[in-house]
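Enquirer: Please read through the structure below; I'll follow up with questions.
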Amino acid sequence: MPRALTCLAVATALATAVSPAIPLHAQGFQTAPALDYVALARLADTAPVVLKVQVKKATLVEAARAPDVPVSMARLFVEAQVMNLIRGKAGVSESIRYLVDIPRDARGKVPKLKKAQFLLFARPGTRPGEVQLVAKDAQVPWTPAADQQVRTIVTELVAPGAPPAIRGIREALHVRGNLQGEGETQIFLATSTGDPVSITVLRRPGLVARWAVSLTEIVDEAAAPPRKGTLLWYRLACSLPAQVPARALVSDTPADNDLARRDYNFVLEQLGPCRG
């Protein structure tokens, strides 16, 4: 029976036993463009198991057994050696099996994957030693840059106090200050865990508007906006709705609700689009 791997790196003896990787381009494998932070974060956020593997054998599944696969694609049954378990509480076998759909080349041929290395985003399968990819693009060609990016994302995801997934806006209100043009907007978000997440926008006469995010009940006015390419940025940029729902606007006057909308749009502009 194969031994299970823990979240620690695979032992040196195992690593040295794995054959050197053969670059995919050297095998005629046309790799897709490198995935950006958002794509990798979505995969890592969905996958309870993240692995680095090296393919030992890839067998073509007959078309009759894969009727949902278009002619431009091929379904492969892959047997792979686990090189590292990057995320996974229960551990996995040293050797795993899974199904993956890959594009055929320009001649309609199936690329050879033997000895190629990949990052897999998966969930445990129904049988020991099997995993199921969480998405069609969940087999990502391994590169040092992709490996480092994924490890950084996973570290953020599992860290204590990690930003929870955003489910929407609970309340948004604007309170005017004593001076013309002075005011503060607070936006309280609904989260998957129920933990507090709020956005504050401060405006002062003659100064550029400032905004910050708080992950506690206490609003820290000195906090900075999240940097692009971080988990908090991803949670906000890729989950906030395009506008504040009318039911969430709870300012004292319609004019103040309009100011809350203005400040919310300002935050969306500052976050930028959900890509990159």
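Ordering of the structure tokens sets the chain letters (A, B, ...), residue numbers begin anew at 1 in every chain, and ligands are numbered from 1 in the order given.
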When you look at Pro164 of chain A with a cut-off of 7 Å (counting only C-alpha atoms), what residues show up, excluding the ones that are within fewer than 5 positions of it in the same chain? I need them as a ChimeraX atom specification.
Expert: /A:191-193
Enquirer: Tell me which protein, DNA and RNA residues are within 10 Å of Ala58 of chain A, counting only C-alpha atoms, leaving out same-chain ones fewer than 4 positions away, and put them as a list of chain:residue names.
Expert: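 Counting only C-alpha atoms, the residues come to A:Arg75, A:Leu76, A:Phe77, A:Val78, A:Glu79, A:Ala80, A:Arg97, A:Tyr98, A:Leu99, A:Val100, A:Pro111, A:Lys112, A:Leu113, A:Lys114, A:Lys115.
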Enquirer: Emit the selected residues as a short mmCIF file (atom, residue, chain, number, x, y, z; two decimals), in the first residue's frame, including all heavy atoms.
Expert:
```
data_model
loop_
_atom_site.label_atom_id
_atom_site.label_comp_id
_atom_site.auth_asym_id
_atom_site.auth_seq_id
_atom_site.Cartn_x
_atom_site.Cartn_y
_atom_site.Cartn_z
N ARG A 75 -8.95 13.35 -23.94
CA ARG A 75 -9.02 13.04 -22.51
C ARG A 75 -7.97 11.98 -22.20
O ARG A 75 -7.88 10.94 -22.88
CB ARG A 75 -10.40 12.54 -22.11
CG ARG A 75 -10.53 12.15 -20.64
CD ARG A 75 -11.99 12.08 -20.23
NE ARG A 75 -12.58 13.41 -20.30
CZ ARG A 75 -13.90 13.65 -20.21
NH1 ARG A 75 -14.74 12.63 -20.07
NH2 ARG A 75 -14.36 14.88 -20.28
N LEU A 76 -7.17 12.25 -21.18
CA LEU A 76 -6.09 11.35 -20.80
C LEU A 76 -6.30 10.85 -19.38
O LEU A 76 -6.76 11.59 -18.50
CB LEU A 76 -4.73 12.05 -20.89
CG LEU A 76 -4.33 12.62 -22.25
CD1 LEU A 76 -2.99 13.33 -22.15
CD2 LEU A 76 -4.27 11.52 -23.30
N PHE A 77 -5.95 9.58 -19.18
CA PHE A 77 -5.88 9.00 -17.85
C PHE A 77 -4.41 9.05 -17.44
O PHE A 77 -3.56 8.41 -18.05
CB PHE A 77 -6.40 7.57 -17.85
CG PHE A 77 -6.32 6.90 -16.50
CD1 PHE A 77 -7.19 7.26 -15.48
CD2 PHE A 77 -5.37 5.92 -16.26
CE1 PHE A 77 -7.12 6.64 -14.24
CE2 PHE A 77 -5.29 5.30 -15.02
CZ PHE A 77 -6.17 5.66 -14.01
N VAL A 78 -4.12 9.85 -16.43
CA VAL A 78 -2.73 10.15 -16.08
C VAL A 78 -2.35 9.45 -14.78
O VAL A 78 -3.11 9.46 -13.80
CB VAL A 78 -2.52 11.67 -15.93
CG1 VAL A 78 -1.08 11.98 -15.52
CG2 VAL A 78 -2.87 12.39 -17.24
N GLU A 79 -1.17 8.86 -14.79
CA GLU A 79 -0.55 8.33 -13.58
C GLU A 79 0.67 9.20 -13.30
O GLU A 79 1.50 9.39 -14.19
CB GLU A 79 -0.16 6.87 -13.76
CG GLU A 79 -1.35 5.96 -14.06
CD GLU A 79 -0.92 4.55 -14.43
OE1 GLU A 79 -0.27 3.91 -13.58
OE2 GLU A 79 -1.23 4.13 -15.56
N ALA A 80 0.76 9.73 -12.09
CA ALA A 80 1.82 10.70 -11.80
C ALA A 80 2.45 10.45 -10.44
O ALA A 80 1.82 9.91 -9.52
CB ALA A 80 1.25 12.13 -11.86
N ARG A 97 -3.59 9.12 -9.61
CA ARG A 97 -4.20 8.96 -10.93
C ARG A 97 -5.31 10.00 -11.07
O ARG A 97 -6.00 10.31 -10.10
CB ARG A 97 -4.77 7.55 -11.09
CG ARG A 97 -3.74 6.45 -10.85
CD ARG A 97 -4.37 5.06 -10.93
NE ARG A 97 -5.43 4.86 -9.95
CZ ARG A 97 -5.23 4.57 -8.67
NH1 ARG A 97 -3.99 4.44 -8.20
NH2 ARG A 97 -6.25 4.38 -7.86
N TYR A 98 -5.48 10.50 -12.30
CA TYR A 98 -6.54 11.48 -12.54
C TYR A 98 -6.82 11.59 -14.03
O TYR A 98 -6.02 11.14 -14.87
CB TYR A 98 -6.16 12.86 -11.98
CG TYR A 98 -4.92 13.47 -12.60
CD1 TYR A 98 -5.01 14.36 -13.67
CD2 TYR A 98 -3.65 13.16 -12.11
CE1 TYR A 98 -3.87 14.93 -14.22
CE2 TYR A 98 -2.50 13.72 -12.67
CZ TYR A 98 -2.63 14.60 -13.73
OH TYR A 98 -1.50 15.15 -14.29
N LEU A 99 -7.95 12.18 -14.37
CA LEU A 99 -8.33 12.44 -15.75
C LEU A 99 -8.12 13.91 -16.06
O LEU A 99 -8.37 14.78 -15.23
CB LEU A 99 -9.80 12.09 -15.99
CG LEU A 99 -10.19 10.62 -15.91
CD1 LEU A 99 -11.71 10.47 -15.97
CD2 LEU A 99 -9.55 9.82 -17.04
N VAL A 100 -7.66 14.20 -17.30
CA VAL A 100 -7.48 15.58 -17.71
C VAL A 100 -7.76 15.69 -19.21
O VAL A 100 -7.45 14.78 -19.98
CB VAL A 100 -6.05 16.08 -17.39
CG1 VAL A 100 -4.99 15.31 -18.18
CG2 VAL A 100 -5.94 17.58 -17.64
N PRO A 111 -0.47 15.40 -27.48
CA PRO A 111 0.88 15.67 -26.96
C PRO A 111 1.31 14.61 -25.95
O PRO A 111 0.47 14.02 -25.26
CB PRO A 111 0.72 17.03 -26.29
CG PRO A 111 -0.49 17.64 -26.91
CD PRO A 111 -1.41 16.49 -27.21
N LYS A 112 2.60 14.39 -25.87
CA LYS A 112 3.14 13.44 -24.91
C LYS A 112 3.44 14.18 -23.59
O LYS A 112 4.12 15.19 -23.59
CB LYS A 112 4.41 12.80 -25.46
CG LYS A 112 4.18 11.97 -26.72
CD LYS A 112 5.46 11.31 -27.17
CE LYS A 112 5.26 10.56 -28.47
NZ LYS A 112 4.25 9.49 -28.35
N LEU A 113 2.92 13.64 -22.51
CA LEU A 113 3.11 14.29 -21.21
C LEU A 113 4.12 13.59 -20.32
O LEU A 113 4.46 14.11 -19.26
CB LEU A 113 1.76 14.35 -20.46
CG LEU A 113 0.62 15.11 -21.12
CD1 LEU A 113 -0.53 15.23 -20.13
CD2 LEU A 113 1.05 16.47 -21.59
N LYS A 114 4.62 12.43 -20.73
CA LYS A 114 5.51 11.67 -19.86
C LYS A 114 6.71 12.52 -19.42
O LYS A 114 7.34 13.19 -20.23
CB LYS A 114 6.00 10.41 -20.57
CG LYS A 114 6.79 9.48 -19.66
CD LYS A 114 7.13 8.17 -20.37
CE LYS A 114 7.89 7.24 -19.43
NZ LYS A 114 8.24 5.95 -20.10
N LYS A 115 6.99 12.51 -18.13
CA LYS A 115 8.07 13.23 -17.45
C LYS A 115 7.81 14.73 -17.30
O LYS A 115 8.60 15.44 -16.68
CB LYS A 115 9.41 13.00 -18.14
CG LYS A 115 9.88 11.56 -18.08
CD LYS A 115 11.28 11.42 -18.62
CE LYS A 115 11.76 9.96 -18.55
NZ LYS A 115 13.13 9.80 -19.08
#
```
Enquirer: For Asp36 of chain A, which residue out of A:Ile153, A:Leu60, A:Leu207, A:Val82 is the nearest one, using only C-alpha atoms?
Expert: A:Ile153
Enquirer: Nearest residue to Trp211 of chain A out of A:Leu268, A:Pro225, A:Ala260, A:Leu133, using only C-alpha atoms?
Expert: A:Pro225
Enquirer: Could you name the residues that touch Ala47 of chain A at 10 Å or less, counting only C-alpha atoms, but leaving out those on the same chain fewer than 3 positions away, as a ChimeraX atom specification?
Expert: /A:41-44,50,87-88,120-124,132-135,138
Enquirer: Would you write out those residues with N, CA and C atoms, as an mmCIF file, in the first residue's frame?
Expert:
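And here is the file that came out, selection-v3.cif:
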```cif
data_model
loop_
_atom_site.group_PDB
_atom_site.id
_atom_site.type_symbol
_atom_site.label_atom_id
_atom_site.label_comp_id
_atom_site.auth_asym_id
_atom_site.auth_seq_id
_atom_site.Cartn_x
_atom_site.Cartn_y
_atom_site.Cartn_z
ATOM 1 N N ALA A 41 -5.323 32.145 -8.071
ATOM 2 C CA ALA A 41 -6.017 32.307 -6.798
ATOM 3 C C ALA A 41 -7.370 31.606 -6.811
ATOM 4 N N ARG A 42 -8.083 31.698 -7.921
ATOM 5 C CA ARG A 42 -9.382 31.021 -8.024
ATOM 6 C C ARG A 42 -9.209 29.509 -7.903
ATOM 7 N N LEU A 43 -8.207 28.979 -8.573
ATOM 8 C CA LEU A 43 -7.975 27.539 -8.501
ATOM 9 C C LEU A 43 -7.582 27.123 -7.085
ATOM 10 N N ALA A 44 -6.645 27.843 -6.482
ATOM 11 C CA ALA A 44 -6.174 27.487 -5.142
ATOM 12 C C ALA A 44 -7.279 27.651 -4.104
ATOM 13 N N VAL A 50 -3.530 20.798 -3.400
ATOM 14 C CA VAL A 50 -2.673 21.391 -4.424
ATOM 15 C C VAL A 50 -1.357 20.617 -4.426
ATOM 16 N N ARG A 87 -0.790 21.876 -0.630
ATOM 17 C CA ARG A 87 -1.952 22.077 0.246
ATOM 18 C C ARG A 87 -2.716 20.768 0.358
ATOM 19 N N GLY A 88 -3.161 20.438 1.548
ATOM 20 C CA GLY A 88 -3.924 19.225 1.760
ATOM 21 C C GLY A 88 -3.780 18.725 3.174
ATOM 22 N N LEU A 120 -1.159 20.692 -9.822
ATOM 23 C CA LEU A 120 -2.543 20.221 -9.891
ATOM 24 C C LEU A 120 -3.364 20.863 -8.788
ATOM 25 N N PHE A 121 -4.579 21.277 -9.142
ATOM 26 C CA PHE A 121 -5.546 21.796 -8.182
ATOM 27 C C PHE A 121 -6.704 20.806 -8.177
ATOM 28 N N ALA A 122 -6.872 20.102 -7.066
ATOM 29 C CA ALA A 122 -7.746 18.936 -7.090
ATOM 30 C C ALA A 122 -8.490 18.752 -5.779
ATOM 31 N N ARG A 123 -9.371 17.759 -5.811
ATOM 32 C CA ARG A 123 -10.045 17.278 -4.606
ATOM 33 C C ARG A 123 -9.861 15.756 -4.570
ATOM 34 N N PRO A 124 -9.963 15.136 -3.405
ATOM 35 C CA PRO A 124 -9.806 13.685 -3.345
ATOM 36 C C PRO A 124 -10.837 12.974 -4.213
ATOM 37 N N GLN A 132 -9.448 14.341 -8.345
ATOM 38 C CA GLN A 132 -10.290 14.931 -9.395
ATOM 39 C C GLN A 132 -9.935 16.404 -9.529
ATOM 40 N N LEU A 133 -9.592 16.845 -10.716
ATOM 41 C CA LEU A 133 -9.259 18.247 -10.938
ATOM 42 C C LEU A 133 -10.488 19.113 -10.705
ATOM 43 N N VAL A 134 -10.290 20.303 -10.136
ATOM 44 C CA VAL A 134 -11.427 21.153 -9.779
ATOM 45 C C VAL A 134 -11.928 21.975 -10.961
ATOM 46 N N ALA A 135 -11.169 22.022 -12.054
ATOM 47 C CA ALA A 135 -11.571 22.793 -13.229
ATOM 48 C C ALA A 135 -10.822 22.258 -14.436
ATOM 49 N N ALA A 138 -7.145 23.116 -14.402
ATOM 50 C CA ALA A 138 -6.527 22.874 -13.094
ATOM 51 C C ALA A 138 -5.252 22.044 -13.161
#
```
Enquirer: Excluding same-chain residues fewer than 5 positions from Pro241 of chain A, what lies within 10 Å of it counting only C-alpha atoms, as a ChimeraX atom specification?
Expert: /A:166-169,236,268
Enquirer: Measuring between only C-alpha atoms, which one of A:Ala63, A:Cys274, A:Val197, A:Val53 shows the shortest distance to Thr143 of chain A?
Expert: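 Closest to Thr143 of chain A of all the choices is A:Val53.
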Enquirer: May I ask which of the residues A:Val267, A:Val244, A:Val61, A:Leu119 is the closest one to Asn84 of chain A, counting only C-alpha atoms?
Expert: A:Leu119
Enquirer: Select from segment 76-276 of chain A everything DSSP, run on the backbone, classes as strand (DSSP E or B), then give the selection as number ranges by chain.
Expert: A: 76-87, 92-93, 95-103, 117-124, 130-133, 139-141, 166-176, 183-191, 197-203, 210-214, 249
Enquirer: For Arg227 of chain A, which residue out of A:Ala209, A:Val38, A:Val140, A:Leu271 is the nearest one, using only C-alpha atoms?
Expert: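 With only C-alpha atoms as the atom set, the closest residue is A:Leu271.
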Enquirer: With only C-alpha atoms as the basis for distance, which of A:Ile199, A:Ala64, A:Val49, A:Ala116 is at the shortest distance from Gln81 of chain A?
Expert: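 Using only C-alpha atoms, Gln81 of chain A sits closest to A:Ala116.
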Enquirer: Identify all residues of segment 20-189 of chain A in helix (DSSP H, G or I) (DSSP on the backbone) and supply them as a PyMOL selection string.
Expert: chain A and resi 24-27+37-46+63-65+144-158
Enquirer: Could you take the residues named above and write them with N, CA, C and O atoms, as a compact mmCIF listing (two decimals), in the first residue's frame?
Expert:
```txt
# COMPACT_ATOMS: atom_id res chain seq x y z
N LEU A 24 7.99 20.98 -21.79
CA LEU A 24 6.85 20.62 -22.62
C LEU A 24 7.03 21.04 -24.07
O LEU A 24 6.60 20.35 -24.98
N HIS A 25 7.68 22.20 -24.28
CA HIS A 25 7.85 22.64 -25.66
C HIS A 25 8.75 21.69 -26.44
O HIS A 25 8.64 21.58 -27.66
N ALA A 26 9.63 20.98 -25.73
CA ALA A 26 10.53 20.04 -26.40
C ALA A 26 9.78 18.79 -26.84
O ALA A 26 10.27 18.02 -27.66
N GLN A 27 8.59 18.60 -26.30
CA GLN A 27 7.79 17.44 -26.68
C GLN A 27 6.70 17.80 -27.68
O GLN A 27 5.83 17.00 -27.99
N TYR A 37 -2.38 36.00 -11.57
CA TYR A 37 -2.67 35.84 -10.15
C TYR A 37 -4.12 35.45 -9.91
O TYR A 37 -4.41 34.55 -9.12
N VAL A 38 -5.04 36.11 -10.59
CA VAL A 38 -6.46 35.85 -10.36
C VAL A 38 -6.81 34.41 -10.71
O VAL A 38 -7.50 33.72 -9.95
N ALA A 39 -6.33 33.92 -11.85
CA ALA A 39 -6.64 32.54 -12.25
C ALA A 39 -6.08 31.54 -11.25
O ALA A 39 -6.75 30.58 -10.86
N LEU A 40 -4.85 31.76 -10.80
CA LEU A 40 -4.24 30.84 -9.83
C LEU A 40 -4.94 30.94 -8.48
O LEU A 40 -5.14 29.93 -7.80
N ALA A 41 -5.32 32.14 -8.07
CA ALA A 41 -6.02 32.31 -6.80
C ALA A 41 -7.37 31.61 -6.81
O ALA A 41 -7.76 30.97 -5.83
N ARG A 42 -8.08 31.70 -7.92
CA ARG A 42 -9.38 31.02 -8.02
C ARG A 42 -9.21 29.51 -7.90
O ARG A 42 -9.99 28.83 -7.21
N LEU A 43 -8.21 28.98 -8.57
CA LEU A 43 -7.98 27.54 -8.50
C LEU A 43 -7.58 27.12 -7.08
O LEU A 43 -8.12 26.15 -6.54
N ALA A 44 -6.64 27.84 -6.48
CA ALA A 44 -6.17 27.49 -5.14
C ALA A 44 -7.28 27.65 -4.10
O ALA A 44 -7.36 26.88 -3.14
N ASP A 45 -8.14 28.65 -4.30
CA ASP A 45 -9.24 28.89 -3.36
C ASP A 45 -10.26 27.76 -3.42
O ASP A 45 -10.90 27.43 -2.42
N THR A 46 -10.42 27.16 -4.58
CA THR A 46 -11.41 26.10 -4.78
C THR A 46 -10.87 24.73 -4.39
O THR A 46 -11.64 23.86 -3.97
N ALA A 63 -12.63 7.70 -27.53
CA ALA A 63 -13.70 8.67 -27.75
C ALA A 63 -15.06 8.16 -27.30
O ALA A 63 -15.90 8.91 -26.80
N ALA A 64 -15.28 6.85 -27.46
CA ALA A 64 -16.57 6.28 -27.07
C ALA A 64 -16.80 6.39 -25.56
O ALA A 64 -17.95 6.42 -25.10
N ARG A 65 -15.72 6.47 -24.78
CA ARG A 65 -15.84 6.58 -23.33
C ARG A 65 -15.74 8.03 -22.86
O ARG A 65 -15.81 8.28 -21.66
N PRO A 144 9.16 27.62 -12.12
CA PRO A 144 9.53 28.18 -10.81
C PRO A 144 8.65 29.36 -10.41
O PRO A 144 8.27 29.50 -9.25
N ALA A 145 8.30 30.22 -11.38
CA ALA A 145 7.48 31.39 -11.07
C ALA A 145 6.08 30.99 -10.64
O ALA A 145 5.53 31.52 -9.66
N ALA A 146 5.47 30.05 -11.38
CA ALA A 146 4.13 29.59 -11.02
C ALA A 146 4.14 28.91 -9.66
O ALA A 146 3.23 29.09 -8.84
N ASP A 147 5.17 28.12 -9.41
CA ASP A 147 5.29 27.42 -8.13
C ASP A 147 5.33 28.42 -6.97
O ASP A 147 4.63 28.28 -5.98
N GLN A 148 6.16 29.45 -7.12
CA GLN A 148 6.29 30.44 -6.06
C GLN A 148 4.99 31.21 -5.86
O GLN A 148 4.57 31.48 -4.73
N GLN A 149 4.34 31.55 -6.97
CA GLN A 149 3.08 32.28 -6.88
C GLN A 149 2.02 31.47 -6.16
O GLN A 149 1.30 31.96 -5.28
N VAL A 150 1.91 30.19 -6.51
CA VAL A 150 0.91 29.33 -5.89
C VAL A 150 1.21 29.14 -4.40
O VAL A 150 0.29 29.17 -3.56
N ARG A 151 2.46 28.95 -4.05
CA ARG A 151 2.80 28.78 -2.64
C ARG A 151 2.47 30.04 -1.83
O ARG A 151 2.01 29.96 -0.69
N THR A 152 2.70 31.21 -2.44
CA THR A 152 2.35 32.45 -1.76
C THR A 152 0.85 32.56 -1.54
O THR A 152 0.38 32.94 -0.46
N ILE A 153 0.08 32.20 -2.56
CA ILE A 153 -1.38 32.26 -2.46
C ILE A 153 -1.89 31.29 -1.39
O ILE A 153 -2.73 31.64 -0.55
N VAL A 154 -1.38 30.06 -1.41
CA VAL A 154 -1.83 29.06 -0.44
C VAL A 154 -1.47 29.50 0.98
O VAL A 154 -2.26 29.35 1.91
N THR A 155 -0.29 30.07 1.15
CA THR A 155 0.12 30.56 2.46
C THR A 155 -0.86 31.61 2.97
O THR A 155 -1.26 31.61 4.14
N GLU A 156 -1.29 32.52 2.09
CA GLU A 156 -2.27 33.53 2.47
C GLU A 156 -3.62 32.91 2.80
O GLU A 156 -4.30 33.31 3.75
N LEU A 157 -4.03 31.92 2.01
CA LEU A 157 -5.34 31.30 2.21
C LEU A 157 -5.46 30.60 3.56
O LEU A 157 -6.53 30.62 4.18
N VAL A 158 -4.40 29.95 3.99
CA VAL A 158 -4.48 29.14 5.22
C VAL A 158 -3.99 29.88 6.45
O VAL A 158 -4.02 29.34 7.56
```
Enquirer: Report, in Å to a single decimal, how far apart atom CA of Ala190 of chain A and atom CA of Arg247 of chain A are.
Expert: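 According to the coordinates, atom CA of Arg247 of chain A and atom CA of Ala190 of chain A are separated by 13.5 Å.
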Enquirer: Excluding same-chain residues fewer than 6 positions from Arg262 of chain A, what lies within 10 Å of it counting only C-alpha atoms, as an MDAnalysis selection string?
Expert: chainID A and resid 174 185 243:244 256
Enquirer: Could you save the residues just selected, with N, CA and C atoms, as a compact mmCIF listing (two decimals), in the first residue's frame?
Expert:
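result.txt written:
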```
# COMPACT_ATOMS: atom_id res chain seq x y z
N HIS A 174 -23.25 57.08 4.36
CA HIS A 174 -22.35 58.24 4.33
C HIS A 174 -22.76 59.21 5.41
N THR A 185 -17.65 57.57 4.37
CA THR A 185 -18.54 56.49 3.94
C THR A 185 -18.03 55.18 4.53
N GLN A 243 -22.48 47.59 -8.25
CA GLN A 243 -23.07 48.75 -7.59
C GLN A 243 -23.65 48.35 -6.25
N VAL A 244 -23.91 49.34 -5.41
CA VAL A 244 -24.48 49.06 -4.09
C VAL A 244 -25.97 48.75 -4.26
N ASP A 256 -27.24 61.71 0.84
CA ASP A 256 -26.12 60.99 1.46
C ASP A 256 -25.96 59.60 0.86
```
